[in-house]
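What follows is run.csv (CSV, C-alpha atoms and all ligand atoms).
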chain,number,residue,atom,x,y,z
A,1,MET,CA,-7.0,4.8,-19.1
A,2,SER,CA,-4.7,4.1,-16.1
A,3,ALA,CA,-3.0,7.0,-14.4
A,4,ASP,CA,0.1,4.9,-13.9
A,5,LEU,CA,0.5,3.6,-17.5
A,6,VAL,CA,1.7,6.0,-20.2
A,7,PRO,CA,-0.8,5.6,-23.1
A,8,ASP,CA,0.8,3.7,-26.0
A,9,GLU,CA,0.1,6.5,-28.5
A,10,LEU,CA,1.8,9.0,-26.2
A,11,VAL,CA,4.9,6.7,-25.8
A,12,ALA,CA,5.1,6.5,-29.6
A,13,TRP,CA,4.9,10.3,-30.0
A,14,VAL,CA,7.5,10.8,-27.2
A,15,ARG,CA,9.9,8.4,-28.8
A,16,GLN,CA,9.6,10.0,-32.2
A,17,ALA,CA,9.8,13.6,-31.0
A,18,THR,CA,13.1,15.5,-31.2
A,19,THR,CA,11.6,18.8,-30.1
A,20,VAL,CA,8.9,19.1,-27.5
A,21,THR,CA,7.1,22.2,-26.0
A,22,VAL,CA,5.5,21.9,-22.6
A,23,LEU,CA,2.8,24.4,-21.8
A,24,THR,CA,2.3,24.5,-18.0
A,25,GLY,CA,-0.2,26.0,-15.6
A,26,ALA,CA,-0.9,26.1,-11.9
A,27,GLY,CA,-1.5,22.4,-11.6
A,28,MET,CA,2.2,21.8,-12.5
A,29,SER,CA,3.1,23.4,-9.1
A,30,ALA,CA,0.2,22.0,-7.1
A,31,GLU,CA,2.2,19.0,-5.8
A,32,SER,CA,4.9,21.5,-4.7
A,33,GLY,CA,2.3,22.9,-2.3
A,34,ILE,CA,1.4,26.0,-4.3
A,35,ALA,CA,-2.4,26.3,-4.6
A,36,THR,CA,-4.0,26.5,-8.0
A,37,PHE,CA,-6.3,29.4,-8.9
A,38,ARG,CA,-9.6,27.7,-9.6
A,39,ASP,CA,-9.6,24.2,-8.0
A,40,ALA,CA,-12.5,23.7,-5.6
A,41,GLN,CA,-11.5,24.1,-1.9
A,42,THR,CA,-7.8,24.4,-2.5
A,43,GLY,CA,-7.8,27.2,-5.1
A,44,LEU,CA,-6.8,30.7,-3.9
A,45,TRP,CA,-9.8,31.9,-5.9
A,46,GLU,CA,-12.3,30.0,-3.6
A,47,ARG,CA,-11.3,32.4,-0.8
A,48,TYR,CA,-10.5,35.5,-2.8
A,49,ASP,CA,-12.1,36.9,-5.9
A,50,PRO,CA,-9.4,36.8,-8.5
A,51,MET,CA,-10.9,39.8,-10.3
A,52,GLN,CA,-10.5,41.7,-7.0
A,53,ILE,CA,-6.9,40.8,-6.3
A,54,ALA,CA,-5.1,39.8,-9.5
A,55,SER,CA,-6.4,42.9,-11.4
A,56,VAL,CA,-5.3,46.4,-12.2
A,57,ASP,CA,-8.5,47.7,-10.6
A,58,ALA,CA,-7.6,46.1,-7.2
A,59,TRP,CA,-4.1,47.5,-7.5
A,60,LEU,CA,-5.4,51.0,-8.1
A,61,SER,CA,-8.1,50.9,-5.4
A,62,ASP,CA,-6.3,48.9,-2.7
A,63,PRO,CA,-2.6,48.6,-3.4
A,64,SER,CA,-1.6,47.5,0.1
A,65,LEU,CA,-4.0,44.5,0.0
A,66,VAL,CA,-2.7,43.5,-3.4
A,67,TYR,CA,1.0,44.1,-2.6
A,68,GLY,CA,0.6,42.2,0.8
A,69,TRP,CA,-1.0,39.2,-1.1
A,70,TYR,CA,1.9,39.0,-3.5
A,71,VAL,CA,4.6,39.4,-0.8
A,72,TRP,CA,2.9,36.4,0.9
A,73,ARG,CA,3.0,34.5,-2.3
A,74,VAL,CA,6.7,35.2,-2.8
A,75,ALA,CA,7.3,33.6,0.6
A,76,VAL,CA,5.2,30.6,-0.3
A,77,ALA,CA,7.0,30.1,-3.6
A,78,HIS,CA,10.4,30.5,-1.9
A,79,ALA,CA,9.5,27.8,0.6
A,80,ALA,CA,8.3,25.4,-2.1
A,81,ALA,CA,10.6,23.0,-4.0
A,82,PRO,CA,10.3,21.6,-7.5
A,83,ASN,CA,8.2,18.3,-7.5
A,84,ALA,CA,8.9,15.1,-9.4
A,85,GLY,CA,7.2,16.5,-12.5
A,86,HIS,CA,9.5,19.6,-12.7
A,87,LEU,CA,12.5,17.4,-12.1
A,88,ALA,CA,11.4,14.9,-14.9
A,89,LEU,CA,11.1,17.8,-17.4
A,90,ALA,CA,14.6,19.0,-16.5
A,91,ASP,CA,16.0,15.5,-16.8
A,92,TRP,CA,14.3,15.1,-20.2
A,93,ALA,CA,15.8,18.4,-21.4
A,94,ARG,CA,19.3,17.0,-20.9
A,95,ARG,CA,18.7,14.6,-23.8
A,96,THR,CA,15.9,16.1,-25.9
A,97,ARG,CA,15.0,19.6,-27.0
A,98,VAL,CA,12.4,20.4,-24.4
A,99,ARG,CA,11.1,24.0,-24.1
A,100,ILE,CA,8.8,25.2,-21.3
A,101,VAL,CA,6.1,27.8,-21.9
A,102,THR,CA,4.6,28.5,-18.5
A,103,GLN,CA,1.7,30.6,-17.2
A,104,ASN,CA,3.1,30.2,-13.7
A,105,VAL,CA,4.8,33.1,-12.0
A,106,ASP,CA,6.9,30.8,-9.7
A,107,ASP,CA,10.5,29.8,-10.6
A,108,LEU,CA,10.2,26.0,-10.0
A,109,HIS,CA,11.0,25.0,-13.6
A,110,GLU,CA,14.2,27.0,-13.4
A,111,ARG,CA,15.1,25.7,-10.0
A,112,ALA,CA,14.5,22.1,-11.3
A,113,GLY,CA,17.1,22.8,-14.0
A,114,ASN,CA,15.2,24.0,-17.1
A,115,SER,CA,16.9,27.1,-18.6
A,116,ASP,CA,14.6,27.4,-21.7
A,117,VAL,CA,11.5,28.8,-19.9
A,118,VAL,CA,9.1,31.4,-21.3
A,119,HIS,CA,7.0,33.1,-18.6
A,120,LEU,CA,3.7,34.3,-20.2
A,121,HIS,CA,2.3,35.9,-17.1
A,122,GLY,CA,5.5,37.4,-15.6
A,123,GLU,CA,7.5,36.4,-12.6
A,124,LEU,CA,6.6,36.7,-8.9
A,125,MET,CA,10.2,37.5,-7.8
A,126,ALA,CA,10.6,40.3,-10.5
A,127,LEU,CA,9.1,43.2,-8.6
A,128,ARG,CA,9.4,46.6,-10.4
A,129,CYS,CA,8.4,50.2,-10.4
A,130,SER,CA,4.7,50.6,-11.3
A,131,ASP,CA,5.4,53.7,-13.5
A,132,GLU,CA,5.5,52.2,-17.0
A,133,TRP,CA,8.0,54.8,-18.2
A,134,CYS,CA,10.4,54.0,-15.4
A,135,GLY,CA,9.8,50.3,-14.6
A,136,ALA,CA,13.0,50.1,-12.5
A,137,PRO,CA,13.5,46.6,-10.9
A,138,TYR,CA,13.1,46.4,-7.2
A,139,ASP,CA,15.5,43.9,-5.4
A,140,GLN,CA,15.3,45.0,-1.7
A,141,PRO,CA,14.4,42.3,0.9
A,142,LEU,CA,10.6,41.9,1.4
A,143,PRO,CA,8.9,42.0,4.8
A,144,ILE,CA,7.7,38.8,6.4
A,145,VAL,CA,4.0,38.2,5.8
A,146,SER,CA,2.3,35.2,7.4
A,147,GLU,CA,-1.3,35.8,6.2
A,148,PRO,CA,-2.4,36.2,2.6
A,149,THR,CA,-4.6,39.1,3.6
A,150,GLU,CA,-2.0,41.1,5.5
A,151,ARG,CA,-1.7,44.6,4.1
A,152,VAL,CA,1.8,45.9,3.1
A,153,THR,CA,2.3,49.4,1.8
A,154,PRO,CA,4.2,49.1,-1.5
A,155,PRO,CA,7.6,50.8,-1.1
A,156,PRO,CA,8.6,53.8,-3.3
A,157,CYS,CA,10.7,53.2,-6.4
A,158,SER,CA,14.3,54.4,-5.6
A,159,VAL,CA,14.5,56.1,-9.1
A,160,CYS,CA,11.1,57.9,-9.4
A,161,GLY,CA,9.2,57.4,-6.2
A,162,ALA,CA,6.2,55.6,-7.8
A,163,PRO,CA,5.0,52.5,-5.8
A,164,VAL,CA,6.7,49.2,-6.5
A,165,ARG,CA,4.4,46.5,-8.0
A,166,PRO,CA,4.4,42.8,-8.5
A,167,GLY,CA,6.1,41.7,-11.8
A,168,VAL,CA,3.1,39.7,-13.0
A,169,VAL,CA,0.5,40.1,-15.7
A,170,TRP,CA,-3.0,41.0,-14.6
A,171,PHE,CA,-6.2,40.6,-16.6
A,172,GLY,CA,-6.4,43.4,-19.2
A,173,GLU,CA,-2.6,43.8,-19.3
A,174,MET,CA,-0.4,43.0,-22.2
A,175,LEU,CA,1.9,39.9,-21.9
A,176,PRO,CA,5.6,40.6,-21.6
A,177,GLU,CA,7.0,41.9,-24.9
A,178,GLY,CA,7.7,39.1,-27.4
A,179,ALA,CA,6.5,36.3,-25.0
A,180,MET,CA,3.5,35.2,-27.0
A,181,ASP,CA,5.4,35.4,-30.3
A,182,THR,CA,8.2,33.3,-28.8
A,183,ALA,CA,5.7,30.8,-27.4
A,184,ALA,CA,4.0,30.5,-30.8
A,185,ASP,CA,7.3,29.9,-32.6
A,186,LEU,CA,8.2,27.2,-30.1
A,187,VAL,CA,4.9,25.4,-30.4
A,188,LEU,CA,5.0,25.6,-34.2
A,189,GLY,CA,8.6,24.2,-34.3
A,190,SER,CA,7.7,21.2,-32.1
A,191,ASP,CA,6.9,17.6,-32.9
A,192,LEU,CA,4.8,17.3,-29.8
A,193,VAL,CA,3.1,19.7,-27.4
A,194,LEU,CA,2.2,18.7,-23.8
A,195,VAL,CA,-0.3,20.8,-21.9
A,196,VAL,CA,0.1,20.2,-18.2
A,197,GLY,CA,-2.0,21.5,-15.3
A,198,THR,CA,-4.0,24.3,-16.8
A,199,SER,CA,-7.7,24.9,-17.0
A,200,GLY,CA,-7.3,26.5,-20.4
A,201,ILE,CA,-9.6,29.4,-19.7
A,202,VAL,CA,-7.1,32.3,-19.8
A,203,TYR,CA,-6.2,33.8,-23.2
A,204,PRO,CA,-4.1,34.2,-25.2
A,205,ALA,CA,-2.2,31.2,-23.6
A,206,ALA,CA,-5.2,29.0,-24.3
A,207,MET,CA,-4.8,29.6,-28.0
A,208,LEU,CA,-1.4,27.8,-28.1
A,209,PRO,CA,-2.8,24.2,-28.2
A,210,ASP,CA,-5.2,25.2,-31.0
A,211,LEU,CA,-2.3,26.8,-32.9
A,212,ALA,CA,-0.2,23.6,-32.6
A,213,ARG,CA,-3.1,21.3,-33.7
A,214,GLY,CA,-3.9,23.6,-36.6
A,215,HIS,CA,-0.4,23.0,-37.9
A,216,GLY,CA,-0.6,19.2,-37.4
A,217,VAL,CA,1.4,19.1,-34.2
A,218,PRO,CA,-0.1,16.5,-31.8
A,219,VAL,CA,-1.3,18.0,-28.5
A,220,VAL,CA,-1.6,15.9,-25.3
A,221,GLU,CA,-3.3,17.2,-22.1
A,222,ILE,CA,-2.0,15.9,-18.8
A,223,ASN,CA,-4.5,16.8,-16.1
A,224,PRO,CA,-6.5,14.8,-13.5
A,225,GLU,CA,-9.6,16.7,-14.5
A,226,ALA,CA,-11.4,17.6,-17.8
A,227,THR,CA,-10.8,21.2,-18.9
A,228,ASP,CA,-12.0,23.6,-21.5
A,229,LEU,CA,-9.2,22.3,-23.7
A,230,SER,CA,-10.0,18.6,-23.4
A,231,ASP,CA,-12.2,18.5,-26.5
A,232,ARG,CA,-9.6,20.3,-28.5
A,233,VAL,CA,-6.5,18.0,-28.0
A,234,ASP,CA,-5.4,14.7,-29.5
A,235,LEU,CA,-5.1,12.8,-26.3
A,236,CYS,CA,-6.0,13.3,-22.6
A,237,TRP,CA,-4.1,11.5,-19.9
A,238,ARG,CA,-5.9,11.8,-16.6
A,239,THR,CA,-2.9,11.9,-14.2
A,240,THR,CA,-1.1,14.5,-12.2
A,241,ALA,CA,2.1,16.3,-13.1
A,242,ALA,CA,4.3,14.6,-10.4
A,243,ARG,CA,2.9,11.1,-11.2
A,244,GLY,CA,2.7,11.3,-15.0
A,245,LEU,CA,5.7,13.2,-16.1
A,246,PRO,CA,8.4,10.9,-14.5
A,247,LEU,CA,6.6,7.9,-16.2
A,248,LEU,CA,6.4,9.7,-19.5
A,249,VAL,CA,10.1,10.8,-19.4
A,250,GLY,CA,11.1,7.3,-18.3
A,251,SER,CA,9.3,5.9,-21.4
A,252,ASP,CA,11.8,7.9,-23.5
A,253,ALA,CA,14.9,6.8,-21.5
A,254,PRO,CA,17.8,5.3,-23.4
A,255,ALA,CA,18.2,1.5,-23.1
A,256,PRO,CA,20.6,0.6,-20.3
A,301,LIG,C1,-3.4,19.6,-11.9
A,301,LIG,C2,-3.0,19.2,-10.7
A,301,LIG,C3,-1.9,18.3,-10.7
A,301,LIG,C4,-4.7,20.4,-10.3
A,301,LIG,N1,-1.3,18.0,-11.9
A,301,LIG,N2,-2.8,19.2,-13.1
A,301,LIG,C5,-9.6,36.1,-25.9
A,301,LIG,C6,-10.8,35.5,-25.6
A,301,LIG,C7,-11.4,35.7,-24.4
A,301,LIG,C8,-10.9,36.6,-23.4
A,301,LIG,C9,-9.7,37.2,-23.7
A,301,LIG,C10,-9.1,36.9,-24.9
A,301,LIG,N3,-7.9,37.6,-24.9
A,301,LIG,C11,-7.7,38.3,-23.8
A,301,LIG,C12,-8.8,38.0,-23.0
A,301,LIG,C13,-9.0,38.6,-21.6
A,301,LIG,C14,-8.3,37.9,-20.6
A,301,LIG,C15,-8.8,36.5,-20.4
A,301,LIG,O1,-8.3,35.5,-20.8
A,301,LIG,N4,-10.0,36.3,-19.7
A,301,LIG,C16,-10.6,35.0,-19.5
A,301,LIG,C17,-10.8,34.8,-18.0
A,301,LIG,C18,-11.8,34.9,-20.3
A,301,LIG,N5,-6.8,37.8,-20.8
A,301,LIG,C19,-6.0,38.8,-20.5
A,301,LIG,O2,-6.4,39.9,-20.0
A,301,LIG,C20,-4.5,38.7,-20.8
A,301,LIG,N6,-4.0,39.8,-21.5
A,301,LIG,C21,-4.2,40.0,-22.8
A,301,LIG,O3,-4.8,39.3,-23.5
A,301,LIG,O4,-3.7,41.2,-23.2
A,301,LIG,C22,-4.1,41.7,-24.5
A,301,LIG,C23,-5.3,42.5,-24.3
A,301,LIG,C24,-5.2,43.6,-23.4
A,301,LIG,C25,-6.3,44.4,-23.2
A,301,LIG,C26,-7.5,44.1,-23.8
A,301,LIG,C27,-7.6,43.0,-24.7
A,301,LIG,C28,-6.5,42.2,-24.9
A,301,LIG,C29,-3.8,38.6,-19.5
A,301,LIG,C30,-4.0,37.4,-18.7
A,301,LIG,C31,-3.3,37.4,-17.4
A,301,LIG,C32,-3.6,36.3,-16.5
A,301,LIG,N7,-3.1,36.5,-15.2
A,301,LIG,C33,-3.2,35.5,-14.1
A,301,LIG,C34,-2.7,36.1,-12.8
A,301,LIG,C35,-1.1,36.2,-12.9
A,301,LIG,C36,-0.6,36.8,-11.7
A,301,LIG,C37,-0.8,35.9,-10.5
A,301,LIG,O5,-0.3,34.8,-10.4
A,301,LIG,O6,-1.4,36.4,-9.5
A,301,LIG,O7,-2.5,34.3,-14.5
A,301,LIG,S1,-4.9,34.9,-13.9
A,301,LIG,C38,-4.4,33.3,-13.5
A,301,LIG,O8,-4.9,32.4,-14.5
A,301,LIG,C39,-2.9,33.2,-13.7
A,301,LIG,C40,-2.7,31.9,-14.4
A,301,LIG,O9,-1.4,31.9,-15.0
A,301,LIG,C41,-3.8,31.8,-15.3
A,301,LIG,C42,-4.2,30.5,-15.8
A,301,LIG,O10,-4.6,29.7,-14.7
A,301,LIG,P1,-4.2,28.1,-14.8
A,301,LIG,O11,-2.7,28.0,-14.7
A,301,LIG,O12,-4.8,27.4,-15.9
A,301,LIG,O13,-4.7,27.6,-13.3
A,301,LIG,P2,-6.1,27.1,-12.9
A,301,LIG,O14,-6.2,27.2,-11.4
A,301,LIG,O15,-7.2,27.8,-13.6
A,301,LIG,O16,-6.2,25.6,-13.3
A,301,LIG,C43,-5.4,24.6,-12.7
A,301,LIG,C44,-5.5,23.3,-13.4
A,301,LIG,O17,-4.6,22.3,-12.8
A,301,LIG,C45,-6.9,22.6,-13.3
A,301,LIG,O18,-7.3,22.2,-14.6
A,301,LIG,C46,-6.6,21.4,-12.4
A,301,LIG,O19,-7.5,20.2,-12.8
A,301,LIG,C47,-5.2,21.1,-12.7
A,301,LIG,N8,-4.5,20.4,-11.7
A,301,LIG,N9,-3.7,19.7,-9.7
A,301,LIG,C48,-1.8,18.4,-13.0
A,301,LIG,N10,-1.3,17.8,-9.5
A,302,ZN,ZN,10.3,54.2,-10.9

Since I need it in another form, could you write the structure as structure tokens?
Ligand code: BJW
Ligand code: ZN
Amino acid sequence: MSADLVPDELVAWVRQATTVTVLTGAGMSAESGIATFRDAQTGLWERYDPMQIASVDAWLSDPSLVYGWYVWRVAVAHAAAPNAGHLALADWARRTRVRIVTQNVDDLHERAGNSDVVHLHGELMALRCSDEWCGAPYDQPLPIVSEPTERVTPPPCSVCGAPVRPGVVWFGEMLPEGAMDTAADLVLGSDLVLVVGTSGIVYPAAMLPDLARGHGVPVVEINPEATDLSDRVDLCWRTTAARGLPLLVGSDAPAP
């Protein structure tokens, strides 16, 4: 199947669909220069053990290493721009009901112009107090960090003095309240679900394609590589987000 030709079956689904949900993962932002988690060589997790850094245990045992890594990632995300895939989804949303459910903690969908975005794993820019009873947001300027391993002592919360933490969801933590229920409702209320740039190994997000299919909603994977989900979708299109999505959205464009 050609990466530059939208599969016929997908064109038909896209043209018939009035409501689409797009589930995105790190591969969605790869062509914006934000490294994925698990891709060989480029993945952050080739250099750092994810369980060590993106985890509650790491936060508790070495908060300045964890905080410094996230401050660095905030700067990387700030410097990045939405790619052609993000822009195509925003364009599509101007004429079709397109809702985004993302595992990404960057804000590239919003910056591309999508307002209907559910963040399952939190948001990089939404730092907050680590005391769960306080949870006050933190909006002070962040220090400049040029290396991912530079340590930064988390500042104290201005309300209760507890350390400020990244606004993301680590393994073993609950997803933001209501996020999974909203995502499930969106998927079940769709005529088509696209799964873009995720390895499909992190739950409960990886349940959403199964939920859709179980209710007869066609699910299409857009990813240059096979994933854990590939055998559980209706169609796999082996292309990248920035190449495939503009072609797909173009196939649904109104006649001139
Ligand atoms: C391209 C491309 C291009 C490359 N174009 N594509 C049920 C069963 C089994 C386990 C569990 C379960 N329920 C819960 C668990 C435990 C755990 C879990 O899933 N573990 C698995 C590892 C087994 N889940 C949790 O703990 C979750 N919490 C929870 O369930 O709470 C309830 C609970 C609490 C306590 C006890 C029990 C239950 C929380 C999960 C939080 C995940 N957090 C992270 C870090 C976020 C912060 C941060 O950014 O630092 O989220 S981990 C990391 O993985 C991040 C991502 O959002 C997530 C998914 O990764 P993603 O997006 O798929 O990226 P990659 O790198 O894996 O894949 C990239 C893909 O892109 C590849 O396929 C490439 O081919 C492709 N690609 N270029 C398109 N240009
Ligand atoms: Zn506080």

Closest contacts (chain A/ligand LIG 301 (chain A), max 6 Å, all atoms listed in the file) as a Markdown table:
| residue | atom | partner | partner_atom | distance |
| --- | --- | --- | --- | --- |
| A:Gly25 | CA | A:LIG301 | O11 | 3.3 |
| A:Ala26 | CA | A:LIG301 | O11 | 3.8 |
| A:Gly27 | CA | A:LIG301 | O17 | 3.3 |
| A:Met28 | CA | A:LIG301 | N1 | 5.2 |
| A:Ala30 | CA | A:LIG301 | N10 | 5.1 |
| A:Glu31 | CA | A:LIG301 | N10 | 5.2 |
| A:Thr36 | CA | A:LIG301 | O14 | 4.1 |
| A:Phe37 | CA | A:LIG301 | O14 | 3.3 |
| A:Arg38 | CA | A:LIG301 | O14 | 3.9 |
| A:Asp39 | CA | A:LIG301 | O14 | 5.7 |
| A:Ala54 | CA | A:LIG301 | O6 | 5.0 |
| A:Gln103 | CA | A:LIG301 | O9 | 4.0 |
| A:Asn104 | CA | A:LIG301 | O9 | 5.0 |
| A:Val105 | CA | A:LIG301 | O5 | 5.6 |
| A:His121 | CA | A:LIG301 | C35 | 5.4 |
| A:Val168 | CA | A:LIG301 | C36 | 4.9 |
| A:Val169 | CA | A:LIG301 | C31 | 5.0 |
| A:Trp170 | CA | A:LIG301 | N7 | 4.5 |
| A:Phe171 | CA | A:LIG301 | O2 | 3.5 |
| A:Gly172 | CA | A:LIG301 | O2 | 3.6 |
| A:Glu173 | CA | A:LIG301 | N6 | 4.8 |
| A:Met174 | CA | A:LIG301 | O4 | 3.9 |
| A:Leu175 | CA | A:LIG301 | O4 | 5.9 |
| A:Val196 | CA | A:LIG301 | C48 | 5.8 |
| A:Gly197 | CA | A:LIG301 | N2 | 3.3 |
| A:Thr198 | CA | A:LIG301 | O12 | 3.3 |
| A:Ser199 | CA | A:LIG301 | O18 | 3.6 |
| A:Gly200 | CA | A:LIG301 | O12 | 5.2 |
| A:Ile201 | CA | A:LIG301 | C16 | 5.7 |
| A:Val202 | CA | A:LIG301 | O1 | 3.6 |
| A:Tyr203 | CA | A:LIG301 | O1 | 3.6 |
| A:Pro204 | CA | A:LIG301 | N3 | 5.1 |
| A:Asn223 | CA | A:LIG301 | N2 | 4.2 |
| A:Pro224 | CA | A:LIG301 | O19 | 5.5 |
| A:Glu225 | CA | A:LIG301 | O19 | 4.4 |
| A:Thr227 | CA | A:LIG301 | O18 | 5.6 |
| A:Thr240 | CA | A:LIG301 | N1 | 3.5 |
| A:Ala241 | CA | A:LIG301 | N1 | 4.0 |

Can you check which parts of chain A lie within 12 Å of ligand ZN 302 (chain A)? Per residue, the shortest pair of atoms and distance in Å to one decimal, counting all atoms listed in the file, sorted by chain and number, as JSON lines.
{"residue": "A:Leu127", "atom": "CA", "partner": "A:ZN302", "partner_atom": "ZN", "distance": 11.3}
{"residue": "A:Arg128", "atom": "CA", "partner": "A:ZN302", "partner_atom": "ZN", "distance": 7.7}
{"residue": "A:Cys129", "atom": "CA", "partner": "A:ZN302", "partner_atom": "ZN", "distance": 4.5}
{"residue": "A:Ser130", "atom": "CA", "partner": "A:ZN302", "partner_atom": "ZN", "distance": 6.7}
{"residue": "A:Asp131", "atom": "CA", "partner": "A:ZN302", "partner_atom": "ZN", "distance": 5.6}
{"residue": "A:Glu132", "atom": "CA", "partner": "A:ZN302", "partner_atom": "ZN", "distance": 8.0}
{"residue": "A:Trp133", "atom": "CA", "partner": "A:ZN302", "partner_atom": "ZN", "distance": 7.7}
{"residue": "A:Cys134", "atom": "CA", "partner": "A:ZN302", "partner_atom": "ZN", "distance": 4.5}
{"residue": "A:Gly135", "atom": "CA", "partner": "A:ZN302", "partner_atom": "ZN", "distance": 5.4}
{"residue": "A:Ala136", "atom": "CA", "partner": "A:ZN302", "partner_atom": "ZN", "distance": 5.2}
{"residue": "A:Pro137", "atom": "CA", "partner": "A:ZN302", "partner_atom": "ZN", "distance": 8.2}
{"residue": "A:Tyr138", "atom": "CA", "partner": "A:ZN302", "partner_atom": "ZN", "distance": 9.1}
{"residue": "A:Pro155", "atom": "CA", "partner": "A:ZN302", "partner_atom": "ZN", "distance": 10.7}
{"residue": "A:Pro156", "atom": "CA", "partner": "A:ZN302", "partner_atom": "ZN", "distance": 7.8}
{"residue": "A:Cys157", "atom": "CA", "partner": "A:ZN302", "partner_atom": "ZN", "distance": 4.6}
{"residue": "A:Ser158", "atom": "CA", "partner": "A:ZN302", "partner_atom": "ZN", "distance": 6.6}
{"residue": "A:Val159", "atom": "CA", "partner": "A:ZN302", "partner_atom": "ZN", "distance": 4.9}
{"residue": "A:Cys160", "atom": "CA", "partner": "A:ZN302", "partner_atom": "ZN", "distance": 4.1}
{"residue": "A:Gly161", "atom": "CA", "partner": "A:ZN302", "partner_atom": "ZN", "distance": 5.8}
{"residue": "A:Ala162", "atom": "CA", "partner": "A:ZN302", "partner_atom": "ZN", "distance": 5.3}
{"residue": "A:Pro163", "atom": "CA", "partner": "A:ZN302", "partner_atom": "ZN", "distance": 7.5}
{"residue": "A:Val164", "atom": "CA", "partner": "A:ZN302", "partner_atom": "ZN", "distance": 7.6}
{"residue": "A:Arg165", "atom": "CA", "partner": "A:ZN302", "partner_atom": "ZN", "distance": 10.1}

Could those residues be written to a file, using C-alpha atoms, as a PDB file, keeping the file's coordinate frame?
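So part.pdb came out as:
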ATOM      1  CA  LEU A 127       9.100  43.200  -8.600  1.00  0.00           C
ATOM      2  CA  ARG A 128       9.400  46.600 -10.400  1.00  0.00           C
ATOM      3  CA  CYS A 129       8.400  50.200 -10.400  1.00  0.00           C
ATOM      4  CA  SER A 130       4.700  50.600 -11.300  1.00  0.00           C
ATOM      5  CA  ASP A 131       5.400  53.700 -13.500  1.00  0.00           C
ATOM      6  CA  GLU A 132       5.500  52.200 -17.000  1.00  0.00           C
ATOM      7  CA  TRP A 133       8.000  54.800 -18.200  1.00  0.00           C
ATOM      8  CA  CYS A 134      10.400  54.000 -15.400  1.00  0.00           C
ATOM      9  CA  GLY A 135       9.800  50.300 -14.600  1.00  0.00           C
ATOM     10  CA  ALA A 136      13.000  50.100 -12.500  1.00  0.00           C
ATOM     11  CA  PRO A 137      13.500  46.600 -10.900  1.00  0.00           C
ATOM     12  CA  TYR A 138      13.100  46.400  -7.200  1.00  0.00           C
ATOM     13  CA  PRO A 155       7.600  50.800  -1.100  1.00  0.00           C
ATOM     14  CA  PRO A 156       8.600  53.800  -3.300  1.00  0.00           C
ATOM     15  CA  CYS A 157      10.700  53.200  -6.400  1.00  0.00           C
ATOM     16  CA  SER A 158      14.300  54.400  -5.600  1.00  0.00           C
ATOM     17  CA  VAL A 159      14.500  56.100  -9.100  1.00  0.00           C
ATOM     18  CA  CYS A 160      11.100  57.900  -9.400  1.00  0.00           C
ATOM     19  CA  GLY A 161       9.200  57.400  -6.200  1.00  0.00           C
ATOM     20  CA  ALA A 162       6.200  55.600  -7.800  1.00  0.00           C
ATOM     21  CA  PRO A 163       5.000  52.500  -5.800  1.00  0.00           C
ATOM     22  CA  VAL A 164       6.700  49.200  -6.500  1.00  0.00           C
ATOM     23  CA  ARG A 165       4.400  46.500  -8.000  1.00  0.00           C
TER      24      ARG A 165
END

#### Entry: Long-range neighbours of Arg15 in chain A as a ChimeraX atom specification, 12 Å cut-off, all atoms listed in the file, 6 positions minimum in chain
/A:8-9,92,95-96,191-192,248-254

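Distances from A:Ser146, A:Thr21, A:Asn83, A:Ser230 to Arg111 in chain A were compared using all atoms listed in the file, and the smallest one belongs to A:Asn83.
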
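Neighbours of Asp116 in chain A closer than or equal to 12 Å, with only C-alpha atoms counted and sequence neighbours fewer than 5 positions away skipped, come out as Val20, Thr21, Val22, Leu89, Ala90, Ala93, Arg94, Arg97, Val98, Arg99, Ile100, Val101, Thr102, His109, Glu110, Arg111, Thr182, Ala183 and Leu186 of chain A.
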
Write the residues you've just listed into a file as a PDB file, keeping the file's coordinate frame, and include C-alpha atoms for each of them.
ATOM      1  CA  VAL A  20       8.900  19.100 -27.500  1.00  0.00           C
ATOM      2  CA  THR A  21       7.100  22.200 -26.000  1.00  0.00           C
ATOM      3  CA  VAL A  22       5.500  21.900 -22.600  1.00  0.00           C
ATOM      4  CA  LEU A  89      11.100  17.800 -17.400  1.00  0.00           C
ATOM      5  CA  ALA A  90      14.600  19.000 -16.500  1.00  0.00           C
ATOM      6  CA  ALA A  93      15.800  18.400 -21.400  1.00  0.00           C
ATOM      7  CA  ARG A  94      19.300  17.000 -20.900  1.00  0.00           C
ATOM      8  CA  ARG A  97      15.000  19.600 -27.000  1.00  0.00           C
ATOM      9  CA  VAL A  98      12.400  20.400 -24.400  1.00  0.00           C
ATOM     10  CA  ARG A  99      11.100  24.000 -24.100  1.00  0.00           C
ATOM     11  CA  ILE A 100       8.800  25.200 -21.300  1.00  0.00           C
ATOM     12  CA  VAL A 101       6.100  27.800 -21.900  1.00  0.00           C
ATOM     13  CA  THR A 102       4.600  28.500 -18.500  1.00  0.00           C
ATOM     14  CA  HIS A 109      11.000  25.000 -13.600  1.00  0.00           C
ATOM     15  CA  GLU A 110      14.200  27.000 -13.400  1.00  0.00           C
ATOM     16  CA  ARG A 111      15.100  25.700 -10.000  1.00  0.00           C
ATOM     17  CA  THR A 182       8.200  33.300 -28.800  1.00  0.00           C
ATOM     18  CA  ALA A 183       5.700  30.800 -27.400  1.00  0.00           C
ATOM     19  CA  LEU A 186       8.200  27.200 -30.100  1.00  0.00           C
TER      20      LEU A 186
END
